[in-house]
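Engineer: Hey, dropping start12.cif in here, mmCIF, C-alpha atoms:
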data_coords
loop_
_atom_site.group_PDB
_atom_site.id
_atom_site.type_symbol
_atom_site.label_atom_id
_atom_site.label_comp_id
_atom_site.auth_asym_id
_atom_site.auth_seq_id
_atom_site.Cartn_x
_atom_site.Cartn_y
_atom_site.Cartn_z
ATOM 1 C CA MET K 1 14.229 -47.952 -0.674
ATOM 2 C CA ASN K 2 13.369 -48.638 -4.293
ATOM 3 C CA ALA K 3 13.735 -46.174 -7.155
ATOM 4 C CA LEU K 4 10.087 -45.061 -7.182
ATOM 5 C CA THR K 5 9.800 -44.350 -3.450
ATOM 6 C CA ASP K 6 12.945 -42.202 -3.756
ATOM 7 C CA LYS K 7 11.003 -39.959 -6.107
ATOM 8 C CA VAL K 8 7.866 -39.414 -4.042
ATOM 9 C CA ILE K 9 7.364 -37.819 -0.643
ATOM 10 C CA ALA K 10 6.994 -40.197 2.299
ATOM 11 C CA GLN K 11 3.594 -38.896 3.419
ATOM 12 C CA ASP K 12 0.573 -40.238 1.568
ATOM 13 C CA ILE K 13 -2.592 -38.302 0.735
ATOM 14 C CA THR K 14 -4.305 -39.445 3.953
ATOM 15 C CA THR K 15 -1.425 -38.019 5.991
ATOM 16 C CA LEU K 16 -1.621 -34.760 4.016
ATOM 17 C CA ARG K 17 -5.349 -34.548 4.827
ATOM 18 C CA GLN K 18 -4.624 -35.174 8.524
ATOM 19 C CA ALA K 19 -1.919 -32.493 8.424
ATOM 20 C CA TYR K 20 -4.424 -30.100 6.844
ATOM 21 C CA GLN K 21 -6.916 -30.682 9.680
ATOM 22 C CA LEU K 22 -4.190 -30.276 12.323
ATOM 23 C CA ARG K 23 -2.840 -27.044 10.760
ATOM 24 C CA LYS K 24 -6.420 -25.742 10.532
ATOM 25 C CA ARG K 25 -6.983 -26.298 14.260
ATOM 26 C CA GLU K 26 -3.658 -24.591 14.984
ATOM 27 C CA TYR K 27 -4.645 -21.718 12.699
ATOM 28 C CA GLU K 28 -7.930 -21.240 14.563
ATOM 29 C CA ALA K 29 -6.159 -21.404 17.938
ATOM 30 C CA MET K 30 -3.658 -18.748 16.829
ATOM 31 C CA ARG K 31 -6.424 -16.433 15.658
ATOM 32 C CA THR K 32 -8.241 -16.895 18.942
ATOM 33 C CA ALA K 33 -5.023 -16.076 20.812
ATOM 34 C CA GLY K 34 -4.340 -13.001 18.629
ATOM 35 C CA GLU K 35 -1.085 -14.503 17.338
ATOM 36 C CA TRP K 36 -1.443 -12.832 13.946
ATOM 37 C CA PRO K 37 1.918 -13.614 12.285
ATOM 38 C CA GLY K 38 1.599 -17.302 13.242
ATOM 39 C CA ALA K 39 -1.990 -17.375 12.004
ATOM 40 C CA VAL K 40 -0.971 -15.949 8.614
ATOM 41 C CA MET K 41 1.909 -18.413 8.335
ATOM 42 C CA HIS K 42 -0.430 -21.330 9.048
ATOM 43 C CA ALA K 43 -3.044 -19.977 6.644
ATOM 44 C CA GLY K 44 -0.572 -20.129 3.759
ATOM 45 C CA MET K 45 0.400 -23.651 4.769
ATOM 46 C CA LEU K 46 -3.275 -24.622 4.546
ATOM 47 C CA VAL K 47 -3.405 -23.384 0.944
ATOM 48 C CA GLU K 48 -0.172 -25.236 0.145
ATOM 49 C CA LEU K 49 -1.501 -28.485 1.626
ATOM 50 C CA ALA K 50 -4.879 -28.123 -0.098
ATOM 51 C CA LEU K 51 -3.184 -27.633 -3.473
ATOM 52 C CA LYS K 52 -0.872 -30.609 -2.907
ATOM 53 C CA ILE K 53 -3.883 -32.788 -2.063
ATOM 54 C CA ALA K 54 -5.612 -31.516 -5.222
ATOM 55 C CA ILE K 55 -2.515 -32.444 -7.269
ATOM 56 C CA CYS K 56 -2.533 -35.993 -5.813
ATOM 57 C CA LYS K 57 -6.221 -36.335 -6.652
ATOM 58 C CA ASN K 58 -5.813 -35.020 -10.186
ATOM 59 C CA MET K 59 -2.855 -37.291 -10.818
ATOM 60 C CA ASP K 60 -4.709 -40.152 -9.115
ATOM 61 C CA VAL K 61 -1.685 -40.991 -6.960
ATOM 62 C CA THR K 62 -1.365 -41.627 -3.216
ATOM 63 C CA HIS K 63 2.075 -40.011 -2.868
ATOM 64 C CA LEU K 64 3.096 -36.617 -4.190
ATOM 65 C CA PRO K 65 6.140 -36.684 -6.502
ATOM 66 C CA LYS K 66 9.115 -34.866 -4.960
ATOM 67 C CA ALA K 67 9.058 -32.438 -7.887
ATOM 68 C CA PHE K 68 6.110 -30.821 -6.099
ATOM 69 C CA GLN K 69 7.960 -30.421 -2.824
ATOM 70 C CA VAL K 70 7.897 -26.644 -3.202
ATOM 71 C CA HIS K 71 6.161 -23.734 -1.479
ATOM 72 C CA ASP K 72 5.364 -21.661 -4.585
ATOM 73 C CA LEU K 73 1.569 -21.369 -4.426
ATOM 74 C CA LYS K 74 1.128 -20.214 -8.022
ATOM 75 C CA PHE K 75 3.207 -23.107 -9.320
ATOM 76 C CA LEU K 76 1.149 -25.542 -7.222
ATOM 77 C CA LEU K 77 -2.073 -23.997 -8.515
ATOM 78 C CA TYR K 78 -0.748 -24.294 -12.072
ATOM 79 C CA CYS K 79 -0.061 -28.016 -11.521
ATOM 80 C CA SER K 80 -3.316 -28.741 -9.684
ATOM 81 C CA GLY K 81 -5.531 -28.650 -12.764
ATOM 82 C CA LEU K 82 -7.590 -25.894 -11.118
ATOM 83 C CA MET K 83 -5.899 -22.893 -12.706
ATOM 84 C CA ASN K 84 -8.678 -22.153 -15.181
ATOM 85 C CA ALA K 85 -11.333 -22.429 -12.484
ATOM 86 C CA PHE K 86 -9.474 -19.662 -10.616
ATOM 87 C CA LEU K 87 -8.822 -17.549 -13.707
ATOM 88 C CA ASN K 88 -12.500 -17.665 -14.616
ATOM 89 C CA ASN K 89 -13.518 -16.220 -11.263
ATOM 90 C CA VAL K 90 -11.973 -12.767 -10.877
ATOM 91 C CA GLN K 91 -12.719 -12.374 -7.155
ATOM 92 C CA LEU K 92 -11.443 -15.858 -6.341
ATOM 93 C CA TYR K 93 -8.260 -15.164 -8.300
ATOM 94 C CA GLN K 94 -7.838 -11.772 -6.604
ATOM 95 C CA ASN K 95 -8.058 -13.524 -3.227
ATOM 96 C CA PHE K 96 -5.525 -16.112 -4.354
ATOM 97 C CA ARG K 97 -3.115 -13.389 -5.486
ATOM 98 C CA ASP K 98 -3.439 -11.618 -2.128
ATOM 99 C CA VAL K 99 -2.480 -14.846 -0.367
ATOM 100 C CA ALA K 100 0.315 -15.743 -2.818
ATOM 101 C CA THR K 101 1.742 -12.217 -2.465
ATOM 102 C CA GLU K 102 1.656 -11.937 1.305
ATOM 103 C CA TRP K 103 2.623 -15.482 2.256
ATOM 104 C CA SER K 104 6.010 -17.109 2.072
ATOM 105 C CA MET K 105 7.819 -19.714 4.124
ATOM 106 C CA GLU K 106 10.254 -16.958 5.102
ATOM 107 C CA LEU K 107 7.573 -15.852 7.586
ATOM 108 C CA ARG K 108 8.995 -18.652 9.772
ATOM 109 C CA TYR K 109 12.144 -16.628 10.252
ATOM 110 C CA GLU K 110 10.841 -13.102 10.311
ATOM 111 C CA GLY K 111 9.611 -11.096 13.221
ATOM 112 C CA ALA K 112 6.904 -9.988 10.817
ATOM 113 C CA VAL K 113 4.586 -7.147 11.713
ATOM 114 C CA VAL K 114 1.174 -8.582 10.999
ATOM 115 C CA THR K 115 -1.725 -6.628 12.454
ATOM 116 C CA ALA K 116 -5.168 -7.977 13.322
ATOM 117 C CA GLN K 117 -6.448 -6.110 10.228
ATOM 118 C CA ASP K 118 -3.884 -7.823 7.987
ATOM 119 C CA ALA K 119 -4.771 -11.213 9.448
ATOM 120 C CA ASP K 120 -8.482 -10.524 8.993
ATOM 121 C CA ALA K 121 -7.947 -9.562 5.344
ATOM 122 C CA PHE K 122 -6.028 -12.816 4.891
ATOM 123 C CA HIS K 123 -8.813 -14.758 6.637
ATOM 124 C CA GLN K 124 -11.413 -13.158 4.367
ATOM 125 C CA ALA K 125 -9.372 -14.058 1.267
ATOM 126 C CA LEU K 126 -9.276 -17.689 2.429
ATOM 127 C CA PHE K 127 -12.692 -18.276 3.923
ATOM 128 C CA ASP K 128 -15.076 -15.819 2.249
ATOM 129 C CA SER K 129 -18.242 -17.876 1.748
ATOM 130 C CA SER K 130 -18.463 -17.109 -1.997
ATOM 131 C CA HIS K 131 -14.923 -16.495 -3.232
ATOM 132 C CA GLY K 132 -12.567 -17.702 -0.490
ATOM 133 C CA VAL K 133 -9.576 -19.707 -1.718
ATOM 134 C CA LEU K 134 -10.001 -22.471 0.874
ATOM 135 C CA THR K 135 -13.794 -22.336 0.588
ATOM 136 C CA PHE K 136 -13.276 -23.202 -3.068
ATOM 137 C CA LEU K 137 -10.528 -25.764 -2.497
ATOM 138 C CA SER K 138 -12.399 -27.548 0.310
ATOM 139 C CA SER K 139 -14.445 -29.480 -2.242
ATOM 140 C CA PHE K 140 -11.196 -31.014 -3.538
ATOM 141 C CA LEU K 141 -9.880 -32.158 -0.153
ATOM 142 C CA MET Y 1 1.198 -9.935 -27.735
ATOM 143 C CA LEU Y 2 4.937 -10.322 -27.204
ATOM 144 C CA ARG Y 3 6.197 -10.714 -23.646
ATOM 145 C CA ARG Y 4 8.160 -7.458 -23.855
ATOM 146 C CA GLU Y 5 5.051 -5.580 -25.021
ATOM 147 C CA LEU Y 6 3.005 -7.060 -22.192
ATOM 148 C CA ILE Y 7 5.591 -6.029 -19.630
ATOM 149 C CA ASP Y 8 5.709 -2.481 -21.028
ATOM 150 C CA LYS Y 9 1.916 -2.274 -20.998
ATOM 151 C CA ILE Y 10 1.664 -3.356 -17.359
ATOM 152 C CA LYS Y 11 4.450 -0.924 -16.363
ATOM 153 C CA LYS Y 12 2.779 1.980 -18.158
ATOM 154 C CA SER Y 13 -0.517 1.224 -16.431
ATOM 155 C CA ILE Y 14 1.171 1.228 -13.049
ATOM 156 C CA TYR Y 15 2.610 4.696 -13.721
ATOM 157 C CA ASP Y 16 -0.877 5.819 -14.851
ATOM 158 C CA TRP Y 17 -2.242 4.457 -11.577
ATOM 159 C CA ALA Y 18 0.394 6.353 -9.588
ATOM 160 C CA ASN Y 19 -0.431 9.602 -11.400
ATOM 161 C CA GLN Y 20 -3.848 9.586 -9.725
ATOM 162 C CA TYR Y 21 -2.157 10.272 -6.396
ATOM 163 C CA PRO Y 22 -0.239 13.564 -6.283
ATOM 164 C CA ASN Y 23 1.579 12.632 -3.065
ATOM 165 C CA LEU Y 24 2.805 9.303 -4.371
ATOM 166 C CA GLU Y 25 6.379 9.060 -5.618
ATOM 167 C CA LEU Y 26 7.440 5.735 -7.112
ATOM 168 C CA SER Y 27 11.073 4.708 -7.020
ATOM 169 C CA LEU Y 28 10.813 1.342 -8.785
ATOM 170 C CA VAL Y 29 8.422 -0.640 -10.960
ATOM 171 C CA GLU Y 30 9.561 -4.149 -11.813
ATOM 172 C CA VAL Y 31 7.589 -6.573 -14.000
ATOM 173 C CA PHE Y 32 9.244 -9.914 -14.673
ATOM 174 C CA PRO Y 33 8.248 -13.463 -15.723
ATOM 175 C CA SER Y 34 7.158 -15.599 -12.763
ATOM 176 C CA GLY Y 35 8.423 -18.876 -14.227
ATOM 177 C CA ILE Y 36 4.935 -19.995 -15.238
ATOM 178 C CA PRO Y 37 4.119 -19.493 -18.947
ATOM 179 C CA ASP Y 38 2.569 -16.075 -19.759
ATOM 180 C CA ASP Y 39 2.663 -15.082 -16.133
ATOM 181 C CA PHE Y 40 4.334 -12.202 -14.303
ATOM 182 C CA ASN Y 41 5.346 -10.931 -10.899
ATOM 183 C CA VAL Y 42 5.081 -7.218 -10.209
ATOM 184 C CA ILE Y 43 6.956 -5.144 -7.652
ATOM 185 C CA VAL Y 44 6.109 -1.496 -7.044
ATOM 186 C CA VAL Y 45 8.217 0.537 -4.620
ATOM 187 C CA ALA Y 46 7.342 4.041 -3.441
ATOM 188 C CA LYS Y 47 9.726 6.610 -2.006
ATOM 189 C CA LYS Y 48 6.711 8.277 -0.394
ATOM 190 C CA GLY Y 49 2.961 7.965 -0.302
ATOM 191 C CA PHE Y 50 2.559 4.397 0.985
ATOM 192 C CA GLU Y 51 3.288 5.086 4.660
ATOM 193 C CA ASN Y 52 -0.308 5.393 5.847
ATOM 194 C CA TRP Y 53 -1.835 2.926 3.439
ATOM 195 C CA ARG Y 54 -2.086 -0.752 4.358
ATOM 196 C CA LYS Y 55 -0.034 -2.950 2.033
ATOM 197 C CA ILE Y 56 -2.828 -5.295 1.020
ATOM 198 C CA GLU Y 57 -5.131 -2.352 0.278
ATOM 199 C CA ARG Y 58 -2.670 -0.501 -1.947
ATOM 200 C CA GLN Y 59 -2.033 -3.761 -3.831
ATOM 201 C CA ARG Y 60 -5.766 -4.238 -4.370
ATOM 202 C CA ASP Y 61 -6.049 -0.636 -5.530
ATOM 203 C CA ILE Y 62 -3.373 -1.263 -8.173
ATOM 204 C CA ALA Y 63 -5.016 -4.542 -9.244
ATOM 205 C CA ASP Y 64 -8.425 -2.846 -9.548
ATOM 206 C CA PHE Y 65 -6.931 -0.069 -11.667
ATOM 207 C CA LEU Y 66 -5.124 -2.560 -13.923
ATOM 208 C CA SER Y 67 -8.348 -4.559 -14.306
ATOM 209 C CA LYS Y 68 -10.188 -1.460 -15.470
ATOM 210 C CA GLN Y 69 -7.425 -0.279 -17.780
ATOM 211 C CA LEU Y 70 -6.128 -3.574 -19.169
ATOM 212 C CA GLY Y 71 -9.011 -5.985 -18.534
ATOM 213 C CA ASP Y 72 -9.384 -8.898 -16.142
ATOM 214 C CA ALA Y 73 -7.713 -11.346 -18.521
ATOM 215 C CA MET Y 74 -4.497 -9.340 -18.419
ATOM 216 C CA VAL Y 75 -4.539 -8.964 -14.644
ATOM 217 C CA THR Y 76 -4.895 -12.713 -14.089
ATOM 218 C CA LYS Y 77 -1.467 -13.001 -15.720
ATOM 219 C CA ILE Y 78 -0.042 -11.439 -12.562
ATOM 220 C CA SER Y 79 0.755 -14.006 -9.830
ATOM 221 C CA VAL Y 80 2.274 -11.798 -7.227
ATOM 222 C CA LEU Y 81 1.834 -8.042 -6.855
ATOM 223 C CA HIS Y 82 3.858 -6.358 -4.133
ATOM 224 C CA ALA Y 83 3.526 -2.646 -3.329
ATOM 225 C CA PHE Y 84 6.350 -1.839 -0.929
ATOM 226 C CA THR Y 85 7.654 1.175 0.882
ATOM 227 C CA GLU Y 86 11.423 1.454 0.372
ATOM 228 C CA GLU Y 87 11.969 0.094 3.877
ATOM 229 C CA GLN Y 88 9.771 -2.957 3.196
ATOM 230 C CA TYR Y 89 11.498 -3.537 -0.138
ATOM 231 C CA GLU Y 90 14.917 -3.594 1.476
ATOM 232 C CA LYS Y 91 13.756 -6.375 3.774
ATOM 233 C CA TYR Y 92 12.152 -8.239 0.872
ATOM 234 C CA GLU Y 93 15.390 -8.088 -1.090
ATOM 235 C CA ILE Y 94 17.152 -9.928 1.712
ATOM 236 C CA THR Y 95 14.722 -12.826 1.711
ATOM 237 C CA ARG Y 96 14.029 -12.978 -2.051
ATOM 238 C CA ASP Y 97 17.562 -14.095 -2.859
ATOM 239 C CA GLY Y 98 17.027 -17.224 -0.787
ATOM 240 C CA ALA Y 99 19.078 -16.202 2.236
ATOM 241 C CA PHE Y 100 16.694 -17.993 4.580
ATOM 242 C CA VAL Y 101 15.554 -20.844 2.356
#
Give the structure from this file in structure tokens form.

Structural biologist:
Amino acid sequence: MNALTDKVIAQDITTLRQAYQLRKREYEAMRTAGEWPGAVMHAGMLVELALKIAICKNMDVTHLPKAFQVHDLKFLLYCSGLMNAFLNNVQLYQNFRDVATEWSMELRYEGAVVTAQDADAFHQALFDSSHGVLTFLSSFL
Amino acid sequence: MLRRELIDKIKKSIYDWANQYPNLELSLVEVFPSGIPDDFNVIVVAKKGFENWRKIERQRDIADFLSKQLGDAMVTKISVLHAFTEEQYEKYEITRDGAFV
């Protein structure tokens, strides 16, 4: 492996887009099945993937540098070039903060108590037709 | 505004917010830099008063109050805003130090 490929993640932007679509189908299946903690975990992963795709697009690269191999949503937003767009829309930013606060990769290990109401609030923050985080980010995918 | 002043201002507003609710007793208010320039994480822990209030709703209530008191521009400097019961905070402490990462 040459020096440059050591510094980027193996998956290219097309693979990240495919992963986004797969995680989205899994997210919908979990909501349908009432698996609320799993749905919330997947929802955060969708935001993470969307921001990583946005970073690739803004940097005009096919492979994400390994420096961005993190799960910190605010850091990814900061690096995506979309921070000001979020800051200039109070409701969109409020939704983003709700997601960034409630989601972490530690959900993988926790027997988290996530109710249907919690999962619905999360869903609203992501997919609200006017100010949803993923509604907004979908135009960058 | 200096970082220290900003932190003090956010903390004071959170105590003002809590004063609206006579049954609410805070045990901790932490405001600390998130690692992104001019940006903060906030943790509020209550000894009592959060039990019958959904977490996401009490967090939004705090954010709405801060927006009114400090302005939207100030509130967008907050990345993460947790409002925990003491029991929830204890669990958070375990994961925040990277035990599972």

Engineer: Can you pull out every residue within 12 Å of Asp6 of chain K, counting all atoms listed in the file, but drop anything in the same chain fewer than 5 positions away, and send it as a list in words?

Structural biologist: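 The filter keeps Met1, His63, Leu64, Pro65, Lys66 and Ala67 of chain K.
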
Engineer: Take the PyMOL selection byres ((chain Y and resi 78) around 12), run it mentally on this structure, and tell me the resulting residues as a PyMOL selection string.

Structural biologist: (chain K and resi 74+87+93-94+96-98+100-101) or (chain Y and resi 6-7+10+31-43+59+62-63+66-67+70+72-77+79-82)

Engineer: If I take atom CA of Gln124 of chain K and atom CA of Asp16 of chain Y, how far is one from the other in Å, to one decimal?

Structural biologist: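 A separation of 29.0 Å between them.
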
Engineer: Take the point (-1.3, -28.0, -5.7) as written in the file and pick out every residue within 7 Å of it, counting all atoms listed in the file; give the list as a PDB file with C-alpha atoms, keeping the file's coordinate frame.

Structural biologist:
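Written output follows (result-v8.pdb):
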ATOM      1  CA  GLU K  48      -0.172 -25.236   0.145  1.00  0.00           C
ATOM      2  CA  ALA K  50      -4.879 -28.123  -0.098  1.00  0.00           C
ATOM      3  CA  LEU K  51      -3.184 -27.633  -3.473  1.00  0.00           C
ATOM      4  CA  LYS K  52      -0.872 -30.609  -2.907  1.00  0.00           C
ATOM      5  CA  ILE K  53      -3.883 -32.788  -2.063  1.00  0.00           C
ATOM      6  CA  ALA K  54      -5.612 -31.516  -5.222  1.00  0.00           C
ATOM      7  CA  ILE K  55      -2.515 -32.444  -7.269  1.00  0.00           C
ATOM      8  CA  LEU K  76       1.149 -25.542  -7.222  1.00  0.00           C
ATOM      9  CA  LEU K  77      -2.073 -23.997  -8.515  1.00  0.00           C
ATOM     10  CA  CYS K  79      -0.061 -28.016 -11.521  1.00  0.00           C
ATOM     11  CA  SER K  80      -3.316 -28.741  -9.684  1.00  0.00           C
TER      12      SER K  80
END

Engineer: List the residues matched by the PyMOL selection byres ((chain K and resi 116) around 12) in the displayed structure as an MDAnalysis selection string, ordered by chain and then by residue number.

Structural biologist: (chainID K and resid 30:40 113:115 117:123) or (chainID Y and resid 54)
